[in-house]
Structure formats: structure tokens, C-alpha cells
file entry-v3.pdb (PDB, C-alpha atoms and all ligand atoms)
ATOM      1  CA  MET T 886     -61.887 111.896  44.299  1.00  0.00           C
ATOM      2  CA  GLU T 887     -59.293 109.149  43.730  1.00  0.00           C
ATOM      3  CA  SER T 888     -59.605 108.063  40.081  1.00  0.00           C
ATOM      4  CA  GLU T 889     -60.184 104.303  39.536  1.00  0.00           C
ATOM      5  CA  ASN T 890     -56.815 104.034  37.734  1.00  0.00           C
ATOM      6  CA  PHE T 891     -54.885 105.363  40.717  1.00  0.00           C
ATOM      7  CA  LYS T 892     -56.700 103.379  43.402  1.00  0.00           C
ATOM      8  CA  ASN T 893     -54.908 101.011  45.752  1.00  0.00           C
ATOM      9  CA  ASN T 894     -56.412  97.524  45.626  1.00  0.00           C
ATOM     10  CA  LEU T 895     -56.161  94.574  47.980  1.00  0.00           C
ATOM     11  CA  ILE T 896     -54.603  91.420  46.510  1.00  0.00           C
ATOM     12  CA  ILE T 897     -53.933  87.935  47.910  1.00  0.00           C
ATOM     13  CA  THR T 898     -50.425  86.573  47.352  1.00  0.00           C
ATOM     14  CA  GLU T 899     -49.435  82.915  46.856  1.00  0.00           C
ATOM     15  CA  ASP T 900     -48.837  82.151  50.549  1.00  0.00           C
ATOM     16  CA  GLY T 901     -52.397  83.367  51.301  1.00  0.00           C
ATOM     17  CA  SER T 902     -51.308  86.665  52.894  1.00  0.00           C
ATOM     18  CA  SER T 903     -52.645  89.915  51.564  1.00  0.00           C
ATOM     19  CA  SER T 904     -50.827  92.785  49.906  1.00  0.00           C
ATOM     20  CA  VAL T 905     -51.737  95.898  47.958  1.00  0.00           C
ATOM     21  CA  PHE T 906     -51.485  96.828  44.287  1.00  0.00           C
ATOM     22  CA  SER T 907     -50.615 100.508  43.963  1.00  0.00           C
ATOM     23  CA  GLY T 908     -52.638 102.128  41.192  1.00  0.00           C
ATOM     24  CA  HIS T 909     -50.285 105.105  41.305  1.00  0.00           C
ATOM     25  CA  PHE T 910     -46.975 103.202  41.002  1.00  0.00           C
ATOM     26  CA  LYS T 911     -48.507 100.271  39.065  1.00  0.00           C
ATOM     27  CA  CYS T 912     -46.836  97.619  41.199  1.00  0.00           C
ATOM     28  CA  THR T 913     -47.446  95.518  44.301  1.00  0.00           C
ATOM     29  CA  TYR T 914     -46.268  96.258  47.843  1.00  0.00           C
ATOM     30  CA  HIS T 915     -44.797  92.727  48.175  1.00  0.00           C
ATOM     31  CA  SER T 916     -43.805  89.773  46.044  1.00  0.00           C
ATOM     32  CA  ILE T 917     -46.869  88.103  44.532  1.00  0.00           C
ATOM     33  CA  HIS T 918     -45.271  84.789  45.637  1.00  0.00           C
ATOM     34  CA  GLY T 919     -46.014  85.580  49.285  1.00  0.00           C
ATOM     35  CA  ALA T 920     -46.075  88.804  51.292  1.00  0.00           C
ATOM     36  CA  ILE T 921     -45.432  87.213  54.700  1.00  0.00           C
ATOM     37  CA  ARG T 922     -42.923  84.781  53.192  1.00  0.00           C
ATOM     38  CA  GLU T 923     -40.972  87.624  51.550  1.00  0.00           C
ATOM     39  CA  SER T 924     -41.072  89.961  54.516  1.00  0.00           C
ATOM     40  CA  ASP T 925     -39.981  87.252  56.944  1.00  0.00           C
ATOM     41  CA  HIS T 926     -37.167  85.968  54.702  1.00  0.00           C
ATOM     42  CA  ILE T 927     -35.700  89.354  53.774  1.00  0.00           C
ATOM     43  CA  PHE T 928     -36.378  91.810  56.561  1.00  0.00           C
ATOM     44  CA  ILE T 929     -36.655  89.580  59.634  1.00  0.00           C
ATOM     45  CA  GLN T 930     -34.279  86.669  58.915  1.00  0.00           C
ATOM     46  CA  SER T 931     -31.686  88.368  56.679  1.00  0.00           C
ATOM     47  CA  GLY T 932     -31.983  91.763  58.393  1.00  0.00           C
ATOM     48  CA  LEU T 933     -32.971  91.878  62.050  1.00  0.00           C
ATOM     49  CA  CYS T 934     -32.005  88.319  62.954  1.00  0.00           C
ATOM     50  CA  TYR T 935     -28.690  88.555  61.044  1.00  0.00           C
ATOM     51  CA  PHE T 936     -27.780  91.801  62.858  1.00  0.00           C
ATOM     52  CA  LEU T 937     -28.610  90.414  66.315  1.00  0.00           C
ATOM     53  CA  GLU T 938     -26.671  87.196  65.743  1.00  0.00           C
ATOM     54  CA  LYS T 939     -23.674  88.981  64.296  1.00  0.00           C
ATOM     55  CA  THR T 940     -23.457  91.529  67.117  1.00  0.00           C
ATOM     56  CA  LYS T 941     -24.688  89.152  69.877  1.00  0.00           C
ATOM     57  CA  ARG T 942     -27.086  91.874  71.004  1.00  0.00           C
ATOM     58  CA  LYS T 943     -30.584  91.648  72.438  1.00  0.00           C
ATOM     59  CA  HIS T 944     -31.735  95.061  71.253  1.00  0.00           C
ATOM     60  CA  ALA T 945     -31.887  96.992  67.998  1.00  0.00           C
ATOM     61  CA  LYS T 946     -33.098 100.298  66.617  1.00  0.00           C
ATOM     62  CA  ILE T 947     -34.811  99.830  63.263  1.00  0.00           C
ATOM     63  CA  LEU T 948     -35.663 102.477  60.657  1.00  0.00           C
ATOM     64  CA  GLU T 949     -38.043 101.492  57.881  1.00  0.00           C
ATOM     65  CA  PHE T 950     -38.324 103.375  54.595  1.00  0.00           C
ATOM     66  CA  GLY T 951     -41.942 102.702  53.541  1.00  0.00           C
ATOM     67  CA  PHE T 952     -44.291 101.574  56.315  1.00  0.00           C
ATOM     68  CA  GLY T 953     -47.005 100.650  53.768  1.00  0.00           C
ATOM     69  CA  THR T 954     -49.141  97.779  55.031  1.00  0.00           C
ATOM     70  CA  GLY T 955     -47.182  97.629  58.318  1.00  0.00           C
ATOM     71  CA  LEU T 956     -46.227  94.001  57.729  1.00  0.00           C
ATOM     72  CA  ASN T 957     -42.507  94.453  58.519  1.00  0.00           C
ATOM     73  CA  ALA T 958     -43.363  96.263  61.749  1.00  0.00           C
ATOM     74  CA  LEU T 959     -45.867  93.575  62.733  1.00  0.00           C
ATOM     75  CA  LEU T 960     -43.372  90.750  62.096  1.00  0.00           C
ATOM     76  CA  SER T 961     -40.677  92.652  64.026  1.00  0.00           C
ATOM     77  CA  LEU T 962     -43.069  93.041  66.962  1.00  0.00           C
ATOM     78  CA  SER T 963     -43.882  89.344  66.920  1.00  0.00           C
ATOM     79  CA  TYR T 964     -40.189  88.413  66.640  1.00  0.00           C
ATOM     80  CA  SER T 965     -39.234  90.691  69.527  1.00  0.00           C
ATOM     81  CA  GLN T 966     -41.895  89.218  71.804  1.00  0.00           C
ATOM     82  CA  SER T 967     -41.066  85.593  70.965  1.00  0.00           C
ATOM     83  CA  ASN T 968     -37.352  86.161  71.520  1.00  0.00           C
ATOM     84  CA  ASN T 969     -37.428  88.629  74.394  1.00  0.00           C
ATOM     85  CA  LEU T 970     -35.708  91.398  72.452  1.00  0.00           C
ATOM     86  CA  LYS T 971     -35.913  95.154  72.862  1.00  0.00           C
ATOM     87  CA  ILE T 972     -36.790  96.842  69.585  1.00  0.00           C
ATOM     88  CA  ASP T 973     -37.239 100.549  68.878  1.00  0.00           C
ATOM     89  CA  TYR T 974     -38.968 100.775  65.507  1.00  0.00           C
ATOM     90  CA  SER T 975     -39.283 103.999  63.494  1.00  0.00           C
ATOM     91  CA  ALA T 976     -41.038 104.113  60.150  1.00  0.00           C
ATOM     92  CA  ILE T 977     -41.376 106.706  57.392  1.00  0.00           C
ATOM     93  CA  GLU T 978     -44.406 106.831  55.109  1.00  0.00           C
ATOM     94  CA  ALA T 979     -45.688 109.629  52.887  1.00  0.00           C
ATOM     95  CA  TYR T 980     -48.838 107.952  51.551  1.00  0.00           C
ATOM     96  CA  PRO T 981     -50.654 106.044  54.329  1.00  0.00           C
ATOM     97  CA  LEU T 982     -53.199 103.439  53.249  1.00  0.00           C
ATOM     98  CA  SER T 983     -56.895 104.121  53.817  1.00  0.00           C
ATOM     99  CA  THR T 984     -58.488 102.778  57.011  1.00  0.00           C
ATOM    100  CA  GLU T 985     -60.724 100.629  54.817  1.00  0.00           C
ATOM    101  CA  LEU T 986     -57.750  98.942  53.147  1.00  0.00           C
ATOM    102  CA  VAL T 987     -55.868  98.481  56.436  1.00  0.00           C
ATOM    103  CA  SER T 988     -58.844  96.720  57.981  1.00  0.00           C
ATOM    104  CA  ALA T 989     -59.052  94.369  54.988  1.00  0.00           C
ATOM    105  CA  LEU T 990     -55.426  93.152  55.405  1.00  0.00           C
ATOM    106  CA  ASN T 991     -55.433  89.575  56.694  1.00  0.00           C
ATOM    107  CA  TYR T 992     -52.098  89.428  58.568  1.00  0.00           C
ATOM    108  CA  THR T 993     -53.660  89.118  62.007  1.00  0.00           C
ATOM    109  CA  HIS T 994     -55.855  86.213  60.854  1.00  0.00           C
ATOM    110  CA  ASN T 995     -52.670  84.176  61.129  1.00  0.00           C
ATOM    111  CA  ASP T 996     -52.567  82.207  64.439  1.00  0.00           C
ATOM    112  CA  GLU T 997     -49.224  83.570  65.608  1.00  0.00           C
ATOM    113  CA  LEU T 998     -50.040  87.160  64.719  1.00  0.00           C
ATOM    114  CA  SER T 999     -53.672  87.311  65.871  1.00  0.00           C
ATOM    115  CA  LYS T1000     -52.716  88.474  69.363  1.00  0.00           C
ATOM    116  CA  PHE T1001     -51.332  91.708  67.874  1.00  0.00           C
ATOM    117  CA  LYS T1002     -54.524  92.797  66.088  1.00  0.00           C
ATOM    118  CA  GLU T1003     -55.105  95.925  68.185  1.00  0.00           C
ATOM    119  CA  GLU T1004     -51.432  96.888  68.185  1.00  0.00           C
ATOM    120  CA  PHE T1005     -51.315  96.492  64.394  1.00  0.00           C
ATOM    121  CA  LEU T1006     -54.244  98.914  63.973  1.00  0.00           C
ATOM    122  CA  SER T1007     -52.648 101.349  66.465  1.00  0.00           C
ATOM    123  CA  MET T1008     -49.404 101.346  64.475  1.00  0.00           C
ATOM    124  CA  HIS T1009     -51.432 102.432  61.451  1.00  0.00           C
ATOM    125  CA  SER T1010     -53.397 105.132  63.250  1.00  0.00           C
ATOM    126  CA  THR T1011     -50.576 106.670  65.303  1.00  0.00           C
ATOM    127  CA  GLN T1012     -48.706 109.717  63.982  1.00  0.00           C
ATOM    128  CA  ASN T1013     -45.695 111.511  65.408  1.00  0.00           C
ATOM    129  CA  GLU T1014     -45.969 109.961  68.873  1.00  0.00           C
ATOM    130  CA  ILE T1015     -44.279 106.999  70.483  1.00  0.00           C
ATOM    131  CA  LEU T1016     -46.438 103.912  70.915  1.00  0.00           C
ATOM    132  CA  ARG T1017     -45.192 101.498  73.579  1.00  0.00           C
ATOM    133  CA  ILE T1018     -46.192  97.853  73.177  1.00  0.00           C
ATOM    134  CA  GLY T1019     -45.352  95.706  76.172  1.00  0.00           C
ATOM    135  CA  LYS T1020     -42.051  96.362  77.929  1.00  0.00           C
ATOM    136  CA  CYS T1021     -39.789  95.852  74.969  1.00  0.00           C
ATOM    137  CA  PHE T1022     -41.233  97.346  71.786  1.00  0.00           C
ATOM    138  CA  SER T1023     -41.616 100.998  70.894  1.00  0.00           C
ATOM    139  CA  PHE T1024     -42.988 102.291  67.606  1.00  0.00           C
ATOM    140  CA  SER T1025     -43.171 105.678  65.928  1.00  0.00           C
ATOM    141  CA  LYS T1026     -44.114 106.737  62.434  1.00  0.00           C
ATOM    142  CA  SER T1027     -43.192 109.882  60.579  1.00  0.00           C
ATOM    143  CA  ILE T1028     -45.632 110.964  57.902  1.00  0.00           C
ATOM    144  CA  SER T1029     -43.107 112.437  55.525  1.00  0.00           C
ATOM    145  CA  LYS T1030     -41.425 111.893  52.191  1.00  0.00           C
ATOM    146  CA  PHE T1031     -38.159 109.964  52.415  1.00  0.00           C
ATOM    147  CA  GLU T1032     -36.505 112.868  50.634  1.00  0.00           C
ATOM    148  CA  ASP T1033     -37.599 115.325  53.373  1.00  0.00           C
ATOM    149  CA  TYR T1034     -36.990 113.066  56.391  1.00  0.00           C
ATOM    150  CA  LYS T1035     -34.526 114.502  58.904  1.00  0.00           C
ATOM    151  CA  THR T1036     -33.383 113.101  62.216  1.00  0.00           C
ATOM    152  CA  SER T1037     -30.409 113.306  64.534  1.00  0.00           C
ATOM    153  CA  GLU T1038     -30.980 109.664  65.566  1.00  0.00           C
ATOM    154  CA  LYS T1039     -28.922 106.714  64.340  1.00  0.00           C
ATOM    155  CA  PHE T1040     -30.136 103.170  63.717  1.00  0.00           C
ATOM    156  CA  ASP T1041     -28.796  99.604  63.766  1.00  0.00           C
ATOM    157  CA  VAL T1042     -30.919  98.145  60.988  1.00  0.00           C
ATOM    158  CA  ILE T1043     -32.477  99.966  58.032  1.00  0.00           C
ATOM    159  CA  PHE T1044     -35.315  98.249  56.207  1.00  0.00           C
ATOM    160  CA  PHE T1045     -35.162  99.903  52.789  1.00  0.00           C
ATOM    161  CA  ASP T1046     -38.557  99.022  51.351  1.00  0.00           C
ATOM    162  CA  ALA T1047     -39.373 101.670  48.756  1.00  0.00           C
ATOM    163  CA  PHE T1048     -40.954 100.589  45.467  1.00  0.00           C
ATOM    164  CA  GLY T1049     -38.463  99.087  43.028  1.00  0.00           C
ATOM    165  CA  PRO T1050     -35.798 100.745  40.887  1.00  0.00           C
ATOM    166  CA  ASP T1051     -38.073 100.732  37.825  1.00  0.00           C
ATOM    167  CA  GLU T1052     -40.803 102.636  39.663  1.00  0.00           C
ATOM    168  CA  GLN T1053     -38.667 104.967  41.796  1.00  0.00           C
ATOM    169  CA  PRO T1054     -35.181 105.143  40.180  1.00  0.00           C
ATOM    170  CA  HIS T1055     -34.070 108.236  42.110  1.00  0.00           C
ATOM    171  CA  LEU T1056     -34.394 106.333  45.426  1.00  0.00           C
ATOM    172  CA  TRP T1057     -31.954 103.647  44.240  1.00  0.00           C
ATOM    173  CA  ASN T1058     -29.237 106.034  43.115  1.00  0.00           C
ATOM    174  CA  ARG T1059     -27.064 108.852  44.344  1.00  0.00           C
ATOM    175  CA  PRO T1060     -27.561 111.501  45.633  1.00  0.00           C
ATOM    176  CA  PHE T1061     -30.489 110.051  47.601  1.00  0.00           C
ATOM    177  CA  LEU T1062     -28.587 106.944  48.810  1.00  0.00           C
ATOM    178  CA  ASP T1063     -25.713 109.111  50.074  1.00  0.00           C
ATOM    179  CA  LYS T1064     -27.787 110.101  53.091  1.00  0.00           C
ATOM    180  CA  ILE T1065     -28.248 106.493  54.307  1.00  0.00           C
ATOM    181  CA  PRO T1066     -24.797 105.661  55.793  1.00  0.00           C
ATOM    182  CA  GLY T1067     -25.095 108.715  58.062  1.00  0.00           C
ATOM    183  CA  LEU T1068     -28.247 107.194  59.595  1.00  0.00           C
ATOM    184  CA  LEU T1069     -26.460 104.005  60.699  1.00  0.00           C
ATOM    185  CA  ASN T1070     -24.699 103.228  63.960  1.00  0.00           C
ATOM    186  CA  GLU T1071     -21.330 101.479  63.817  1.00  0.00           C
ATOM    187  CA  ASN T1072     -21.892  97.866  62.627  1.00  0.00           C
ATOM    188  CA  GLY T1073     -25.352  98.854  61.427  1.00  0.00           C
ATOM    189  CA  ILE T1074     -26.794  97.223  58.293  1.00  0.00           C
ATOM    190  CA  LEU T1075     -29.163  98.077  55.471  1.00  0.00           C
ATOM    191  CA  VAL T1076     -31.419  95.358  54.118  1.00  0.00           C
ATOM    192  CA  THR T1077     -33.494  95.531  50.969  1.00  0.00           C
ATOM    193  CA  TYR T1078     -34.899  93.333  48.221  1.00  0.00           C
ATOM    194  CA  SER T1079     -33.485  94.849  45.043  1.00  0.00           C
ATOM    195  CA  VAL T1080     -30.506  96.687  43.606  1.00  0.00           C
ATOM    196  CA  ARG T1081     -29.741  98.981  40.685  1.00  0.00           C
ATOM    197  CA  GLY T1082     -26.604  99.829  38.733  1.00  0.00           C
ATOM    198  CA  PHE T1083     -23.523 100.673  40.721  1.00  0.00           C
TER     199      PHE T1083
HETATM  200  C1  LIG P1101     -42.915  98.486  48.598  1.00  0.00           C
HETATM  201  S1  LIG P1101     -44.144  99.466  49.400  1.00  0.00           S
HETATM  202  C2  LIG P1101     -44.159  99.173  51.103  1.00  0.00           C
HETATM  203  C3  LIG P1101     -43.801  98.014  51.750  1.00  0.00           C
HETATM  204  C4  LIG P1101     -44.056  98.043  53.230  1.00  0.00           C
HETATM  205  N1  LIG P1101     -42.825  97.934  53.935  1.00  0.00           N
HETATM  206  C5  LIG P1101     -45.026  96.918  53.523  1.00  0.00           C
HETATM  207  O1  LIG P1101     -44.615  95.913  54.112  1.00  0.00           O
HETATM  208  O2  LIG P1101     -46.173  97.065  53.152  1.00  0.00           O
HETATM  209  C6  LIG P1101     -43.291 101.059  49.411  1.00  0.00           C
HETATM  210  C7  LIG P1101     -43.848 102.059  50.402  1.00  0.00           C
HETATM  211  O3  LIG P1101     -43.084 103.271  50.326  1.00  0.00           O
HETATM  212  C8  LIG P1101     -43.958 104.389  50.326  1.00  0.00           C
HETATM  213  N2  LIG P1101     -43.287 105.460  49.582  1.00  0.00           N
HETATM  214  C9  LIG P1101     -42.948 105.432  48.270  1.00  0.00           C
HETATM  215  N3  LIG P1101     -42.268 106.553  47.953  1.00  0.00           N
HETATM  216  C10 LIG P1101     -42.158 107.278  49.077  1.00  0.00           C
HETATM  217  C11 LIG P1101     -41.514 108.510  49.372  1.00  0.00           C
HETATM  218  N4  LIG P1101     -40.878 109.197  48.429  1.00  0.00           N
HETATM  219  N5  LIG P1101     -41.570 108.967  50.641  1.00  0.00           N
HETATM  220  C12 LIG P1101     -42.226 108.242  51.603  1.00  0.00           C
HETATM  221  N6  LIG P1101     -42.870 107.079  51.384  1.00  0.00           N
HETATM  222  C13 LIG P1101     -42.815 106.593  50.133  1.00  0.00           C
HETATM  223  C14 LIG P1101     -45.203 103.882  49.624  1.00  0.00           C
HETATM  224  O4  LIG P1101     -46.322 104.658  49.934  1.00  0.00           O
HETATM  225  C15 LIG P1101     -45.291 102.467  50.127  1.00  0.00           C
HETATM  226  O5  LIG P1101     -46.014 102.395  51.320  1.00  0.00           O
END

call {"tool": "encode", "arguments": {"input": "entry-v3.pdb", "output": "C-alpha cells"}}
result
Amino acid sequence: MESENFKNNLIITEDGSSSVFSGHFKCTYHSIHGAIRESDHIFIQSGLCYFLEKTKRKHAKILEFGFGTGLNALLSLSYSQSNNLKIDYSAIEAYPLSTELVSALNYTHNDELSKFKEEFLSMHSTQNEILRIGKCFSFSKSISKFEDYKTSEKFDVIFFDAFGPDEQPHLWNRPFLDKIPGLLNENGILVTYSVRGF
């Protein structure tokens, strides 16, 4: 049984959107100042949107390190539908959240996101298969450790959303980071929310 100290707990951040406190890593999945605000500002605006504007493209392949609550995937889905973009989204996650916790997340209570409630739950429940949402969005999730993840695919945008350098220092240093450039297409970008050392 999961000990109380290592439990994941639901929290509400300052913009009213939910997040999770990881009992194992002793930190939150998002900024306490706003999960939706942070995810939109960093991963959607400074990542996906920046890449599409810079390359003048209408499609992108995204790889996310750390699917977690699924918020980045949900916001990418919403952004692709509002802007008529084709997105192929792949996510890696070794420690999926419990069904109970996923159903307590409040992201689809938001007006703009409420139409994706079923799709959001399907993204959480699917494993190793491709989920097609509408004509333009595909989603797949690999239940694996980042360290063991292997693919021959290449991506345009990497959302690097592991826990921070204090919690997971080896993921913010070589040799782990050396594998990332090989996952990117030409002109591809990596976007993240922190940095460590050199
Ligand atoms: C900062 S949180 C996730 C944020 C997520 N993008 C979201 O919006 O909820 C980091 C995520 O990485 C996952 N994770 C941490 N270390 C991992 C590893 N070595 N391999 C795979 N997943 C890992 C955690 O389980 C967690 O879901």
C-alpha cells in the first residue's frame, strides 16, 4: 500500500487550476502560481506557438518528457483545434497518476476546455496505441522511464517537463541530456522551465 508520506495529493494553484503534489519527489507538478498559466506561457506560447511562427508551418510533432496531469497535451489539443493545426503528440511517463486523481483534476471545468473532457480522460487511459482526435490531432503515450525510452522518430518540439534540477539532477545534466538533440528534426526546439549548471 502507498504510504501516506509518498502519496500524490491534489492541490489548487493561484489561478484556480489544479495540480498535484508528489509525495515521492516532494514537489508540485506545476508552479503554485498557476498551473494553466504556467503551462500556457511556457509550453504553448514559448514552445509550440514560437516554433510554428518561426517556421511558418501549420503542423508539428511534439514529444513530451513527463505526461503527468496531461495539462500540456490538453492545451496543445485545444490550441490545435482553435488554430486549425495538425499536431502529432507523443508523451513519455513512467508513473501515471491514479484514475481517482485524474478525475479530480479541474482543467475541463474551464469553459474553453470543457469540450475535451472525454478526450482528456482517453489520453490518460490509453497506452501504447495511437489515439486520433478529430482530423488533426494524434496522441500516443509510452509508459516508460525517460532513461529507457527509445525511438527512431524525430520531433519538432520537445516539452521537457521532468521535475526540477534539485529533485532529479541527473535529468538536467550530461550524459542524459546528450540524447535529446538526436530526437530533434532540423530547426526543432526544446522548451522547459528550468536550467542547471552548464
Ligand atoms: C513536473 S511533473 C509533470 C508535468 C506534466 N507535464 C503536467 O503537466 O502535469 C514531471 C513528470 O515526469 C514524470 N517522471 C519523473 N521522472 C521520470 C522518469 N525518470 N521517467 C519517466 N517519467 C518521469 C513524473 O511522474 C511526472 O509526471

call {"tool": "residues_around", "arguments": {"input": "entry-v3.pdb", "residues": "stretch 959-969 of chain T", "least_positions_apart": "2", "cutoff": "7 Å", "atoms": "all atoms listed in the file", "output": "list in words"}}
result
Ile929, Gly955, Leu956, Asn957, Lys971, Ile972, Leu998, Phe1005 and Phe1022 of chain T

call {"tool": "residues_near_ligand", "arguments": {"input": "entry-v3.pdb", "ligand": "ligand LIG 1101 (chain P)", "cutoff": "7 Å", "atoms": "all atoms listed in the file", "output": "PyMOL selection string"}}
result
chain T and resi 913-915+924+950-957+977-981+1029-1032+1046-1048

call {"tool": "write_last_selection", "arguments": {"input": "entry-v3.pdb", "atoms": "C-alpha atoms", "output": "mmCIF file, in the frame of the given file"}}
result
data_model
loop_
_atom_site.group_PDB
_atom_site.id
_atom_site.type_symbol
_atom_site.label_atom_id
_atom_site.label_comp_id
_atom_site.auth_asym_id
_atom_site.auth_seq_id
_atom_site.Cartn_x
_atom_site.Cartn_y
_atom_site.Cartn_z
ATOM 1 C CA THR T 913 -47.446 95.518 44.301
ATOM 2 C CA TYR T 914 -46.268 96.258 47.843
ATOM 3 C CA HIS T 915 -44.797 92.727 48.175
ATOM 4 C CA SER T 924 -41.072 89.961 54.516
ATOM 5 C CA PHE T 950 -38.324 103.375 54.595
ATOM 6 C CA GLY T 951 -41.942 102.702 53.541
ATOM 7 C CA PHE T 952 -44.291 101.574 56.315
ATOM 8 C CA GLY T 953 -47.005 100.650 53.768
ATOM 9 C CA THR T 954 -49.141 97.779 55.031
ATOM 10 C CA GLY T 955 -47.182 97.629 58.318
ATOM 11 C CA LEU T 956 -46.227 94.001 57.729
ATOM 12 C CA ASN T 957 -42.507 94.453 58.519
ATOM 13 C CA ILE T 977 -41.376 106.706 57.392
ATOM 14 C CA GLU T 978 -44.406 106.831 55.109
ATOM 15 C CA ALA T 979 -45.688 109.629 52.887
ATOM 16 C CA TYR T 980 -48.838 107.952 51.551
ATOM 17 C CA PRO T 981 -50.654 106.044 54.329
ATOM 18 C CA SER T 1029 -43.107 112.437 55.525
ATOM 19 C CA LYS T 1030 -41.425 111.893 52.191
ATOM 20 C CA PHE T 1031 -38.159 109.964 52.415
ATOM 21 C CA GLU T 1032 -36.505 112.868 50.634
ATOM 22 C CA ASP T 1046 -38.557 99.022 51.351
ATOM 23 C CA ALA T 1047 -39.373 101.670 48.756
ATOM 24 C CA PHE T 1048 -40.954 100.589 45.467
#

call {"tool": "resolve_selection", "arguments": {"input": "entry-v3.pdb", "expression": "the PyMOL selection byres (((chain T and resi 932) around 9) and not hetatm)", "output": "PDB file with C-alpha atoms, in the frame of the given file"}}
result
ATOM      1  CA  HIS T 926     -37.167  85.968  54.702  1.00  0.00           C
ATOM      2  CA  ILE T 927     -35.700  89.354  53.774  1.00  0.00           C
ATOM      3  CA  PHE T 928     -36.378  91.810  56.561  1.00  0.00           C
ATOM      4  CA  ILE T 929     -36.655  89.580  59.634  1.00  0.00           C
ATOM      5  CA  GLN T 930     -34.279  86.669  58.915  1.00  0.00           C
ATOM      6  CA  SER T 931     -31.686  88.368  56.679  1.00  0.00           C
ATOM      7  CA  LEU T 933     -32.971  91.878  62.050  1.00  0.00           C
ATOM      8  CA  CYS T 934     -32.005  88.319  62.954  1.00  0.00           C
ATOM      9  CA  TYR T 935     -28.690  88.555  61.044  1.00  0.00           C
ATOM     10  CA  PHE T 936     -27.780  91.801  62.858  1.00  0.00           C
ATOM     11  CA  LEU T 937     -28.610  90.414  66.315  1.00  0.00           C
ATOM     12  CA  VAL T1042     -30.919  98.145  60.988  1.00  0.00           C
ATOM     13  CA  ILE T1043     -32.477  99.966  58.032  1.00  0.00           C
ATOM     14  CA  PHE T1044     -35.315  98.249  56.207  1.00  0.00           C
ATOM     15  CA  ILE T1074     -26.794  97.223  58.293  1.00  0.00           C
ATOM     16  CA  LEU T1075     -29.163  98.077  55.471  1.00  0.00           C
ATOM     17  CA  VAL T1076     -31.419  95.358  54.118  1.00  0.00           C
ATOM     18  CA  THR T1077     -33.494  95.531  50.969  1.00  0.00           C
TER      19      THR T1077
END

call {"tool": "closest_residue", "arguments": {"input": "entry-v3.pdb", "among": "T:Leu982, T:Ala976, T:Leu990, T:Ile947", "to": "T:Asn1013", "atoms": "all atoms listed in the file"}}
result
T:Ala976

call {"tool": "closest_residue", "arguments": {"input": "entry-v3.pdb", "among": "T:Ser1079, T:Lys892, T:Ser1023, T:Ser903", "to": "T:Thr993", "atoms": "all atoms listed in the file"}}
result
T:Ser903

call {"tool": "atom_distance", "arguments": {"input": "entry-v3.pdb", "atom1": "atom CA of T:Leu970", "atom2": "atom CA of T:His944"}}
result
5.5 Å

call {"tool": "resolve_selection", "arguments": {"input": "entry-v3.pdb", "expression": "the PyMOL selection byres (((chain T and resi 1052) around 9) and not hetatm)", "output": "short mmCIF file (atom, residue, chain, number, x, y, z; two decimals) with C-alpha atoms, keeping the file's coordinate frame"}}
result
data_model
loop_
_atom_site.label_atom_id
_atom_site.label_comp_id
_atom_site.auth_asym_id
_atom_site.auth_seq_id
_atom_site.Cartn_x
_atom_site.Cartn_y
_atom_site.Cartn_z
CA PHE T 910 -46.98 103.20 41.00
CA LYS T 911 -48.51 100.27 39.06
CA CYS T 912 -46.84 97.62 41.20
CA PHE T 1048 -40.95 100.59 45.47
CA GLY T 1049 -38.46 99.09 43.03
CA PRO T 1050 -35.80 100.74 40.89
CA ASP T 1051 -38.07 100.73 37.83
CA GLN T 1053 -38.67 104.97 41.80
CA PRO T 1054 -35.18 105.14 40.18
#

call {"tool": "closest_residue", "arguments": {"input": "entry-v3.pdb", "among": "T:Leu948, T:Val987, T:Cys1021, T:Ile1065", "to": "T:His1009", "atoms": "only C-alpha atoms"}}
result
T:Val987

call {"tool": "atom_distance", "arguments": {"input": "entry-v3.pdb", "atom1": "atom CA of T:Ser902", "atom2": "atom CA of T:Glu923"}}
result
10.5 Å

call {"tool": "axis_aligned_box", "arguments": {"input": "entry-v3.pdb", "around": "stretch 1056-1066 of chain T", "padding_each_side": "3 Å", "output": "JSON"}}
result
{"center_x": -29.6, "center_y": 107.6, "center_z": 49.5, "size_x": 15.6, "size_y": 13.9, "size_z": 18.7}

call {"tool": "residues_near_point", "arguments": {"input": "entry-v3.pdb", "point": "(-61.2, 99.7, 55.5)", "cutoff": "12 Å", "atoms": "only C-alpha atoms", "output": "number ranges by chain"}}
result
T: 893-895, 982-991, 1006, 1009

call {"tool": "atom_distance", "arguments": {"input": "entry-v3.pdb", "atom1": "atom CA of T:Asn1058", "atom2": "atom CA of T:Ser916"}}
result
22.0 Å

call {"tool": "closest_residue", "arguments": {"input": "entry-v3.pdb", "among": "T:Arg922, T:Lys1026, T:Lys946, T:Lys1000", "to": "T:Glu1038", "atoms": "all atoms listed in the file"}}
result
T:Lys946

call {"tool": "closest_residue", "arguments": {"input": "entry-v3.pdb", "among": "T:Met1008, T:Ala945, T:Ile917, T:Ile1028", "to": "T:Asn1072", "atoms": "all atoms listed in the file"}}
result
T:Ala945

call {"tool": "resolve_selection", "arguments": {"input": "entry-v3.pdb", "expression": "the PyMOL selection byres (((chain T and resi 1024) around 7) and not hetatm)", "output": "ChimeraX atom specification"}}
result
/T:973-975,1015-1017,1022-1023,1025-1026

call {"tool": "closest_residue", "arguments": {"input": "entry-v3.pdb", "among": "T:Gln1012, T:Ser904, T:Ser1027, T:Thr940", "to": "T:Glu1071", "atoms": "only C-alpha atoms"}}
result
T:Thr940
